[in-house]
>>> print(open('run13.cif').read())   # mmCIF, C-alpha atoms
data_run
loop_
_atom_site.label_atom_id
_atom_site.label_comp_id
_atom_site.auth_asym_id
_atom_site.auth_seq_id
_atom_site.Cartn_x
_atom_site.Cartn_y
_atom_site.Cartn_z
CA MET A 24 0.00 0.00 0.00
CA GLU A 25 1.35 3.40 -0.89
CA LYS A 26 1.58 6.41 1.30
CA ILE A 27 -1.60 8.33 1.10
CA ALA A 28 -0.68 11.44 3.04
CA GLU A 29 -1.11 15.02 1.90
CA GLN A 30 -3.03 14.20 -1.24
CA GLU A 31 -5.81 16.61 -0.33
CA THR A 32 -3.46 19.55 -0.22
CA ALA A 33 -1.68 18.92 -3.51
CA PRO A 34 -2.36 21.91 -5.77
CA ASP A 35 -4.43 21.07 -8.81
CA GLN A 36 -1.79 22.17 -11.29
CA ALA A 37 1.22 20.45 -9.70
CA PRO A 38 3.31 18.12 -11.90
CA GLU A 39 1.89 14.58 -11.88
CA SER A 40 4.86 13.23 -9.92
CA ASN A 41 4.19 15.56 -6.99
CA LEU A 42 0.51 14.78 -6.74
CA GLY A 43 -0.96 12.74 -3.94
CA THR A 44 -2.43 9.37 -4.74
CA ARG A 45 -6.05 10.49 -4.60
CA GLU A 46 -5.44 13.30 -7.09
CA ARG A 47 -3.50 11.01 -9.45
CA VAL A 48 -6.35 8.50 -9.37
CA VAL A 49 -8.96 11.19 -10.11
CA ARG A 50 -6.90 12.60 -12.98
CA ALA A 51 -6.36 9.17 -14.49
CA ALA A 52 -10.07 8.37 -14.21
CA SER A 53 -11.00 11.69 -15.80
CA ARG A 54 -8.58 11.25 -18.70
CA LEU A 55 -9.55 7.63 -19.37
CA MET A 56 -13.29 8.23 -19.13
CA GLN A 57 -12.93 11.26 -21.40
CA ARG A 58 -11.55 8.97 -24.10
CA GLN A 59 -13.36 5.71 -23.40
CA GLY A 60 -16.53 6.60 -21.53
CA TYR A 61 -17.69 5.19 -18.20
CA ASP A 62 -18.29 1.61 -19.31
CA GLY A 63 -15.15 1.49 -21.44
CA THR A 64 -12.96 2.27 -18.44
CA GLY A 65 -12.12 -0.29 -15.78
CA ILE A 66 -10.98 0.43 -12.26
CA LYS A 67 -7.87 -1.73 -12.82
CA GLN A 68 -6.87 0.40 -15.79
CA ILE A 69 -7.36 3.54 -13.70
CA SER A 70 -5.21 2.16 -10.89
CA LYS A 71 -2.47 1.16 -13.33
CA GLU A 72 -2.54 4.51 -15.14
CA ALA A 73 -2.41 6.39 -11.83
CA GLY A 74 0.44 4.24 -10.50
CA ALA A 75 -1.71 3.37 -7.50
CA THR A 76 -2.66 0.00 -6.05
CA LEU A 77 -6.24 -1.20 -6.33
CA GLY A 78 -6.30 -1.12 -2.53
CA SER A 79 -5.52 2.57 -2.43
CA VAL A 80 -8.10 3.31 -5.15
CA TYR A 81 -10.77 1.64 -3.02
CA HIS A 82 -9.40 3.37 0.08
CA PHE A 83 -10.21 6.75 -1.44
CA PHE A 84 -13.27 5.59 -3.35
CA PRO A 85 -15.05 2.90 -1.36
CA GLY A 86 -18.01 3.39 -3.74
CA GLY A 87 -15.80 2.10 -6.55
CA LYS A 88 -16.05 3.20 -10.16
CA GLN A 89 -19.31 5.07 -9.74
CA GLU A 90 -17.94 7.27 -6.96
CA LEU A 91 -14.74 7.72 -8.94
CA ALA A 92 -16.72 8.80 -12.00
CA VAL A 93 -18.42 11.55 -10.00
CA ALA A 94 -14.98 12.77 -8.82
CA ALA A 95 -13.70 12.53 -12.41
CA ILE A 96 -16.61 14.62 -13.69
CA ARG A 97 -15.97 17.25 -11.00
CA HIS A 98 -12.29 17.31 -11.97
CA GLY A 99 -13.18 17.68 -15.66
CA GLU A 100 -15.69 20.36 -14.72
CA ARG A 101 -13.05 22.42 -12.90
CA GLU A 102 -10.50 21.94 -15.68
CA PHE A 103 -12.89 23.15 -18.37
CA ALA A 104 -14.23 25.95 -16.14
CA GLU A 105 -10.68 27.32 -15.79
CA GLU A 106 -10.11 27.10 -19.53
CA LEU A 107 -13.49 28.69 -20.26
CA ALA A 108 -12.99 31.51 -17.76
CA GLY A 109 -9.54 32.22 -19.22
CA ASN A 110 -10.88 32.33 -22.75
CA LEU A 111 -13.81 34.53 -21.76
CA ARG A 112 -11.38 36.96 -20.09
CA SER A 113 -9.17 37.03 -23.21
CA GLU A 114 -11.49 39.47 -25.00
CA ASP A 115 -13.55 42.34 -23.60
CA ASP A 116 -16.26 41.92 -26.19
CA PRO A 117 -18.45 38.94 -25.23
CA ALA A 118 -19.07 37.86 -28.82
CA GLN A 119 -15.34 37.88 -29.54
CA ALA A 120 -14.71 36.06 -26.27
CA VAL A 121 -17.06 33.21 -27.23
CA LEU A 122 -15.42 33.08 -30.67
CA ALA A 123 -12.05 32.77 -28.92
CA CYS A 124 -13.43 29.83 -26.90
CA THR A 125 -14.39 27.92 -30.03
CA ARG A 126 -10.95 28.55 -31.57
CA ARG A 127 -9.15 27.23 -28.51
CA LEU A 128 -11.43 24.20 -28.29
CA ALA A 129 -10.75 23.44 -31.95
CA GLU A 130 -6.99 23.80 -31.43
CA SER A 131 -6.84 21.51 -28.43
CA LEU A 132 -9.16 18.95 -30.00
CA ARG A 133 -6.93 18.79 -33.09
CA ALA A 134 -3.81 18.62 -30.90
CA SER A 135 -5.26 15.52 -29.19
CA ASP A 136 -5.84 13.92 -32.62
CA TRP A 137 -9.60 14.41 -32.02
CA VAL A 138 -9.86 12.13 -29.00
CA ASP A 139 -10.05 14.54 -26.05
CA GLY A 140 -13.57 15.90 -26.28
CA CYS A 141 -15.67 17.06 -23.35
CA PRO A 142 -14.65 14.95 -20.32
CA VAL A 143 -18.03 15.37 -18.66
CA THR A 144 -20.13 14.37 -21.65
CA SER A 145 -18.26 11.20 -22.46
CA THR A 146 -18.36 10.05 -18.84
CA ALA A 147 -22.04 10.85 -18.37
CA LEU A 148 -23.45 9.73 -21.70
CA GLY A 149 -24.69 6.18 -21.68
CA THR A 150 -25.23 6.24 -17.92
CA ALA A 151 -28.08 8.77 -17.78
CA GLY A 152 -30.81 6.25 -17.04
CA ARG A 153 -28.84 4.09 -14.62
CA LEU A 154 -26.54 6.20 -12.50
CA PRO A 155 -28.25 9.33 -11.18
CA ASP A 156 -25.18 10.52 -9.22
CA ILE A 157 -23.18 10.74 -12.43
CA GLN A 158 -26.01 12.45 -14.29
CA GLN A 159 -26.37 14.93 -11.40
CA ALA A 160 -22.64 15.74 -11.40
CA ALA A 161 -22.80 16.34 -15.15
CA ALA A 162 -25.84 18.62 -14.73
CA GLU A 163 -23.92 20.65 -12.13
CA ALA A 164 -20.94 20.92 -14.48
CA PHE A 165 -23.10 22.28 -17.29
CA ALA A 166 -24.79 24.71 -14.86
CA HIS A 167 -21.44 26.06 -13.66
CA TRP A 168 -20.14 26.59 -17.19
CA ARG A 169 -23.38 28.35 -18.12
CA HIS A 170 -22.95 30.61 -15.12
CA LEU A 171 -19.48 31.69 -16.31
CA VAL A 172 -20.90 32.56 -19.73
CA PHE A 173 -23.88 34.29 -18.13
CA GLU A 174 -21.58 36.52 -16.06
CA LYS A 175 -19.57 37.54 -19.11
CA LEU A 176 -22.70 38.39 -21.10
CA HIS A 177 -24.42 40.19 -18.26
CA GLN A 178 -21.31 42.23 -17.44
CA ALA A 179 -21.25 43.31 -21.07
CA GLY A 180 -24.69 44.84 -20.66
CA ILE A 181 -26.97 42.06 -21.87
CA ALA A 182 -30.18 41.95 -19.83
CA GLU A 183 -30.29 39.21 -17.22
CA PRO A 184 -33.00 36.96 -18.76
CA ASP A 185 -31.41 37.22 -22.21
CA ALA A 186 -27.96 36.50 -20.78
CA HIS A 187 -29.32 33.41 -18.99
CA GLU A 188 -30.91 32.08 -22.16
CA LEU A 189 -27.88 32.88 -24.30
CA ALA A 190 -25.62 31.12 -21.81
CA HIS A 191 -27.72 27.98 -22.26
CA THR A 192 -27.33 28.10 -26.02
CA VAL A 193 -23.62 28.97 -25.91
CA ILE A 194 -22.81 25.94 -23.74
CA SER A 195 -25.15 23.62 -25.68
CA THR A 196 -23.65 24.74 -28.97
CA LEU A 197 -20.06 24.41 -27.75
CA GLU A 198 -20.86 20.87 -26.59
CA GLY A 199 -22.54 19.85 -29.82
CA ALA A 200 -19.98 21.50 -32.08
CA GLU A 201 -17.14 19.84 -30.18
CA LEU A 202 -18.87 16.51 -30.68
CA ALA A 203 -19.39 17.17 -34.39
CA ALA A 204 -15.78 18.30 -34.78
CA GLN A 205 -14.55 15.20 -32.98
CA VAL A 206 -16.60 12.78 -35.06
CA SER A 207 -15.74 14.44 -38.37
CA ARG A 208 -12.10 15.11 -37.37
CA ASP A 209 -12.51 18.65 -38.59
CA GLU A 210 -12.41 22.06 -36.91
CA GLN A 211 -15.20 23.49 -39.05
CA PRO A 212 -18.18 22.72 -36.79
CA LEU A 213 -16.51 24.59 -33.90
CA LEU A 214 -15.31 27.56 -35.93
CA THR A 215 -18.66 27.95 -37.67
CA ALA A 216 -20.52 27.67 -34.38
CA GLY A 217 -18.26 30.38 -32.95
CA ARG A 218 -19.11 32.81 -35.74
CA HIS A 219 -22.83 32.11 -35.39
CA LEU A 220 -22.79 32.44 -31.62
CA ALA A 221 -20.95 35.75 -31.99
CA ARG A 222 -23.65 37.04 -34.36
CA LEU A 223 -26.36 35.88 -31.98
CA ILE A 224 -24.73 37.57 -28.99
CA ASP A 225 -24.33 40.78 -30.97
CA LEU A 226 -28.07 40.77 -31.63
CA TYR A 227 -28.74 41.02 -27.92
CA ARG A 228 -26.25 43.82 -27.47
CA ALA A 229 -28.01 45.99 -30.04
CA PRO A 230 -29.65 49.06 -28.49
CA ALA A 231 -33.15 47.92 -29.42
CA PRO A 232 -33.43 44.15 -29.77
CA THR A 233 -36.47 43.14 -31.76
CA ALA A 234 -37.25 39.90 -29.88
CA MET B 2 -30.84 -21.70 -35.00
CA GLU B 3 -33.72 -19.53 -36.15
CA LYS B 4 -34.95 -19.01 -39.64
CA ILE B 5 -33.06 -16.19 -41.21
CA ALA B 6 -35.00 -15.77 -44.42
CA GLU B 7 -36.54 -12.55 -45.73
CA GLN B 8 -34.96 -10.31 -43.15
CA GLU B 9 -33.52 -8.05 -45.81
CA THR B 10 -36.91 -7.29 -47.30
CA ALA B 11 -38.73 -6.50 -44.06
CA PRO B 12 -39.92 -2.90 -44.22
CA ASP B 13 -38.21 -0.62 -41.74
CA GLN B 14 -41.40 0.38 -39.97
CA ALA B 15 -43.01 -3.07 -39.64
CA PRO B 16 -44.12 -4.21 -36.17
CA GLU B 17 -41.26 -5.87 -34.28
CA SER B 18 -42.86 -9.32 -34.50
CA ASN B 19 -42.88 -9.27 -38.31
CA LEU B 20 -39.26 -8.23 -38.66
CA GLY B 21 -36.57 -10.56 -39.87
CA THR B 22 -33.83 -11.55 -37.47
CA ARG B 23 -31.19 -9.21 -38.86
CA GLU B 24 -33.46 -6.20 -38.53
CA ARG B 25 -34.47 -7.16 -34.97
CA VAL B 26 -30.81 -7.49 -34.02
CA VAL B 27 -29.93 -4.10 -35.50
CA ARG B 28 -32.86 -2.41 -33.77
CA ALA B 29 -31.98 -3.96 -30.43
CA ALA B 30 -28.34 -2.92 -30.80
CA SER B 31 -29.35 0.62 -31.73
CA ARG B 32 -31.75 0.97 -28.79
CA LEU B 33 -29.33 -0.52 -26.25
CA MET B 34 -26.32 1.47 -27.43
CA GLN B 35 -28.45 4.64 -27.44
CA ARG B 36 -29.04 4.16 -23.72
CA GLN B 37 -25.82 2.46 -22.61
CA GLY B 38 -23.16 3.38 -25.14
CA TYR B 39 -20.92 1.00 -27.08
CA ASP B 40 -18.93 -0.36 -24.16
CA GLY B 41 -21.94 -0.62 -21.89
CA THR B 42 -23.71 -2.95 -24.32
CA GLY B 43 -22.79 -6.60 -24.70
CA ILE B 44 -23.51 -8.79 -27.69
CA LYS B 45 -25.29 -11.31 -25.42
CA GLN B 46 -27.66 -8.61 -24.22
CA ILE B 47 -28.35 -7.61 -27.82
CA SER B 48 -29.09 -11.20 -28.82
CA LYS B 49 -31.42 -11.64 -25.83
CA GLU B 50 -33.22 -8.35 -26.45
CA ALA B 51 -33.66 -9.20 -30.15
CA GLY B 52 -34.91 -12.72 -29.39
CA ALA B 53 -32.12 -14.11 -31.58
CA THR B 54 -29.48 -16.72 -30.84
CA LEU B 55 -25.85 -15.64 -30.51
CA GLY B 56 -25.20 -17.85 -33.53
CA SER B 57 -27.58 -15.90 -35.71
CA VAL B 58 -26.15 -12.57 -34.47
CA TYR B 59 -22.69 -13.71 -35.58
CA HIS B 60 -24.16 -15.08 -38.80
CA PHE B 61 -25.28 -11.62 -39.79
CA PHE B 62 -22.42 -9.78 -38.12
CA PRO B 63 -19.27 -11.87 -38.36
CA GLY B 64 -17.34 -8.74 -37.32
CA GLY B 65 -19.13 -8.90 -33.96
CA LYS B 66 -20.04 -5.91 -31.85
CA GLN B 67 -18.02 -3.42 -33.87
CA GLU B 68 -19.76 -4.33 -37.13
CA LEU B 69 -23.09 -4.33 -35.31
CA ALA B 70 -22.40 -0.85 -33.91
CA VAL B 71 -21.87 0.49 -37.43
CA ALA B 72 -25.22 -1.03 -38.49
CA ALA B 73 -26.83 0.38 -35.34
CA ILE B 74 -25.51 3.87 -36.09
CA ARG B 75 -26.82 3.64 -39.66
CA HIS B 76 -30.20 2.54 -38.31
CA GLY B 77 -30.24 5.43 -35.80
CA GLU B 78 -29.15 7.77 -38.59
CA ARG B 79 -32.11 6.76 -40.79
CA GLU B 80 -34.56 6.94 -37.91
CA PHE B 81 -33.52 10.46 -36.95
CA ALA B 82 -33.30 11.54 -40.61
CA GLU B 83 -36.95 10.57 -41.09
CA GLU B 84 -37.98 12.41 -37.97
CA LEU B 85 -35.92 15.46 -38.92
CA ALA B 86 -37.24 15.53 -42.49
CA GLY B 87 -40.81 15.27 -41.20
CA ASN B 88 -40.31 18.10 -38.74
CA LEU B 89 -38.63 20.29 -41.36
CA ARG B 90 -41.59 19.72 -43.68
CA SER B 91 -44.07 20.61 -40.94
CA GLU B 92 -43.49 24.35 -41.41
CA ASP B 93 -42.83 26.32 -44.58
CA ASP B 94 -40.73 28.88 -42.80
CA PRO B 95 -37.25 27.40 -42.11
CA ALA B 96 -36.83 29.16 -38.76
CA GLN B 97 -40.20 27.87 -37.57
CA ALA B 98 -39.34 24.43 -38.92
CA VAL B 99 -36.13 24.26 -36.84
CA LEU B 100 -38.07 25.49 -33.82
CA ALA B 101 -40.54 22.65 -34.40
CA CYS B 102 -37.63 20.17 -34.45
CA THR B 103 -36.46 21.29 -31.03
CA ARG B 104 -40.00 21.03 -29.61
CA ARG B 105 -40.41 17.46 -30.89
CA LEU B 106 -36.98 16.46 -29.61
CA ALA B 107 -37.85 17.86 -26.19
CA GLU B 108 -41.18 16.01 -26.18
CA SER B 109 -39.72 12.66 -27.10
CA LEU B 110 -36.79 13.02 -24.72
CA ARG B 111 -39.17 13.77 -21.85
CA ALA B 112 -41.42 10.87 -22.91
CA SER B 113 -38.43 8.50 -22.63
CA ASP B 114 -37.77 9.81 -19.09
CA TRP B 115 -34.64 11.53 -20.49
CA VAL B 116 -32.82 8.35 -21.52
CA ASP B 117 -33.29 8.21 -25.31
CA GLY B 118 -30.91 10.87 -26.54
CA CYS B 119 -29.10 10.84 -29.87
CA PRO B 120 -28.49 7.16 -30.80
CA VAL B 121 -25.47 8.02 -32.92
CA THR B 122 -23.69 10.16 -30.35
CA SER B 123 -23.97 7.73 -27.48
CA THR B 124 -22.73 4.85 -29.63
CA ALA B 125 -19.84 6.81 -31.11
CA LEU B 126 -18.66 8.74 -28.07
CA GLY B 127 -15.92 7.02 -26.16
CA THR B 128 -14.84 5.03 -29.21
CA ALA B 129 -13.51 7.91 -31.34
CA GLY B 130 -9.84 7.12 -30.86
CA ARG B 131 -10.13 3.34 -31.10
CA LEU B 132 -12.75 2.36 -33.64
CA PRO B 133 -12.50 4.37 -36.84
CA ASP B 134 -15.38 2.51 -38.56
CA ILE B 135 -17.77 3.68 -35.86
CA GLN B 136 -16.44 7.22 -35.93
CA GLN B 137 -16.79 7.24 -39.74
CA ALA B 138 -20.40 6.02 -39.58
CA ALA B 139 -21.19 8.76 -37.06
CA ALA B 140 -19.55 11.38 -39.28
CA GLU B 141 -21.71 10.22 -42.20
CA ALA B 142 -24.83 10.44 -40.02
CA PHE B 143 -24.06 14.03 -39.03
CA ALA B 144 -23.33 14.90 -42.68
CA HIS B 145 -26.66 13.48 -43.85
CA TRP B 146 -28.63 15.35 -41.20
CA ARG B 147 -26.80 18.57 -42.09
CA HIS B 148 -27.72 18.00 -45.72
CA LEU B 149 -31.44 17.80 -44.86
CA VAL B 150 -31.21 21.09 -42.96
CA PHE B 151 -29.15 22.65 -45.76
CA GLU B 152 -31.84 21.75 -48.33
CA LYS B 153 -34.58 23.31 -46.22
CA LEU B 154 -32.61 26.53 -45.72
CA HIS B 155 -31.47 26.78 -49.32
CA GLN B 156 -34.98 26.14 -50.66
CA ALA B 157 -36.17 29.00 -48.46
CA GLY B 158 -33.83 31.36 -50.29
CA ILE B 159 -30.76 31.36 -48.07
CA ALA B 160 -27.56 31.56 -50.14
CA GLU B 161 -25.74 28.26 -50.54
CA PRO B 162 -22.61 29.02 -48.45
CA ASP B 163 -24.70 30.52 -45.64
CA ALA B 164 -27.11 27.58 -45.74
CA HIS B 165 -24.17 25.13 -45.50
CA GLU B 166 -22.72 26.93 -42.50
CA LEU B 167 -26.08 27.33 -40.79
CA ALA B 168 -26.80 23.63 -41.28
CA HIS B 169 -23.58 22.86 -39.39
CA THR B 170 -24.62 25.02 -36.48
CA VAL B 171 -28.23 23.79 -36.46
CA ILE B 172 -27.15 20.14 -36.17
CA SER B 173 -24.36 20.91 -33.66
CA THR B 174 -26.76 22.92 -31.51
CA LEU B 175 -29.50 20.29 -31.65
CA GLU B 176 -26.96 17.68 -30.56
CA GLY B 177 -25.58 19.76 -27.72
CA ALA B 178 -28.96 20.99 -26.51
CA GLU B 179 -30.31 17.45 -26.51
CA LEU B 180 -27.34 16.40 -24.40
CA ALA B 181 -27.83 19.31 -22.00
CA ALA B 182 -31.58 18.59 -21.76
CA GLN B 183 -30.88 14.94 -21.08
CA VAL B 184 -28.32 15.60 -18.37
CA SER B 185 -30.43 18.26 -16.64
CA ARG B 186 -33.72 16.38 -17.19
CA ASP B 187 -35.23 19.61 -18.45
CA GLU B 188 -36.61 20.74 -21.79
CA GLN B 189 -35.23 24.26 -21.47
CA PRO B 190 -31.90 23.79 -23.27
CA LEU B 191 -33.72 22.46 -26.35
CA LEU B 192 -36.50 25.05 -26.36
CA THR B 193 -34.07 27.92 -25.82
CA ALA B 194 -31.76 26.62 -28.55
CA GLY B 195 -34.75 26.45 -30.89
CA ARG B 196 -35.62 30.11 -30.33
CA HIS B 197 -32.01 31.19 -30.83
CA LEU B 198 -31.56 29.09 -33.98
CA ALA B 199 -34.76 30.59 -35.35
CA ARG B 200 -33.41 34.12 -34.76
CA LEU B 201 -30.12 33.19 -36.37
CA ILE B 202 -31.81 31.71 -39.44
CA ASP B 203 -34.01 34.80 -39.77
CA LEU B 204 -30.85 36.93 -39.90
CA TYR B 205 -29.75 35.16 -43.06
CA ARG B 206 -33.14 35.57 -44.66
CA ALA B 207 -33.03 39.34 -44.30
CA PRO B 208 -32.80 41.13 -47.68
CA ALA B 209 -29.33 42.49 -46.93
CA PRO B 210 -27.40 40.31 -44.52
CA THR B 211 -24.50 42.17 -42.97
CA ALA B 212 -22.13 39.21 -42.53
#
>>> encode(input="run13.cif", output="structure tokens")
Amino acid sequence: MEKIAEQETAPDQAPESNLGTRERVVRAASRLMQRQGYDGTGIKQISKEAGATLGSVYHFFPGGKQELAVAAIRHGEREFAEELAGNLRSEDDPAQAVLACTRRLAESLRASDWVDGCPVTSTALGTAGRLPDIQQAAAEAFAHWRHLVFEKLHQAGIAEPDAHELAHTVISTLEGAELAAQVSRDEQPLLTAGRHLARLIDLYRAPAPTA
Amino acid sequence: MEKIAEQETAPDQAPESNLGTRERVVRAASRLMQRQGYDGTGIKQISKEAGATLGSVYHFFPGGKQELAVAAIRHGEREFAEELAGNLRSEDDPAQAVLACTRRLAESLRASDWVDGCPVTSTALGTAGRLPDIQQAAAEAFAHWRHLVFEKLHQAGIAEPDAHELAHTVISTLEGAELAAQVSRDEQPLLTAGRHLARLIDLYRAPAPTA
């Protein structure tokens, strides 16, 4: 059994080698489920990938793979939230900021040879009817990402109800376009979605929206 | 071993009991993979659900689960294409037609207690890096659905390049909003996406688009 001290205090961005066991296990689970889904990923593979014994995996996650999947989704949620927040901050204009998000997503998807799509979606999909904890964690992830987009839009002067609705469509469209880009191994769905989302956002910034 | 005659000629919409074995196997695979994903679905479960022996499953699909998944994706592709084409025909106005699509998707997702999302996505996701045949079948499905949307938009007078790009975003957004609706067990992502897509489409129908 490995040492399991200090894992809770390891900073999220530390090099893998300095991470505590729990954090290494969560990261490995997140990465594997991102590529292979929940059912395609076994707890033995996670333990091997994390360099942790099966005993220590079950020490941290007595609920087994299901509990680990919830932790993996929360990890993926935080990772994407940081990326999203950074991209949204990269441009003052909210339409340009969302466009920047789609460009970065396209770049990193291509860099992964089209395998690293949304970590939350691939873990949650296929389990929706069976594993409510996983579905709930995914719903919270989507809600948090929407909130980040909402804040950006609202700060830019878009009325609160419009900003809420737009945030829904921005996150839905990013998700779907990432999926389409992944399946077709092509950046176009993301880049096109970015331009359309930018036009849509601009509509709601006009002095007198017609809706 | 069951009789395996006439399965190729069974009409796609015949009652389950009248279907040939191959068609029953494909339908069972499509339905199970829609809910459980590729890795969550075993060939034994498919054979049981289809009321077919394992021998007859392998008779029709010597390539096993991978070959069956490609057939399942093509089946799901045709099923959704029919639904999409019907919804697009239900309204002359292309923006209203897309709005109608989102309403029907929301209704049928709710009716399935939020488990029957996109059959192609849930089968393909998690296999993108490993199983290129499945990824390719999913890419073809997306392309066909985009073509149906493109035709509707182009027939309504939207210029060809704009209609192509809009079709990308319509399908991406439907996919992502369906996913978000499924995960949050709520119709809102789909209904909101429908209203936004309708506004976006209307922009391109304006006499002098500014893009």
>>> atom_distance(input="run13.cif", atom1="CA of Asp117 (chain B)", atom2="CA of Gly87 (chain B)")
18.9 Å
>>> interface_residues(input="run13.cif", of="chain B", to="chain A", cutoff="7 Å", atoms="all atoms listed in the file", output="ChimeraX atom specification")
/B:36-38,40-41,116,123,126-130,136,139-140,166,169-170,173-174,176-178,181,184-185,190,193-194,201
>>> resolve_selection(input="run13.cif", expression="the PyMOL selection byres ((chain A and resi 70-75) around 6)", output="PyMOL selection string")
chain A and resi 47-48+51+67-69+76-77
>>> closest_residue(input="run13.cif", among="B:Arg32, B:Asp93, B:Asp187, B:Leu20", to="Glu108 (chain B)", atoms="all atoms listed in the file")
B:Asp187
>>> closest_residue(input="run13.cif", among="B:Ala160, B:Gly64, B:His148, B:Val27", to="His76 (chain B)", atoms="all atoms listed in the file")
B:Val27
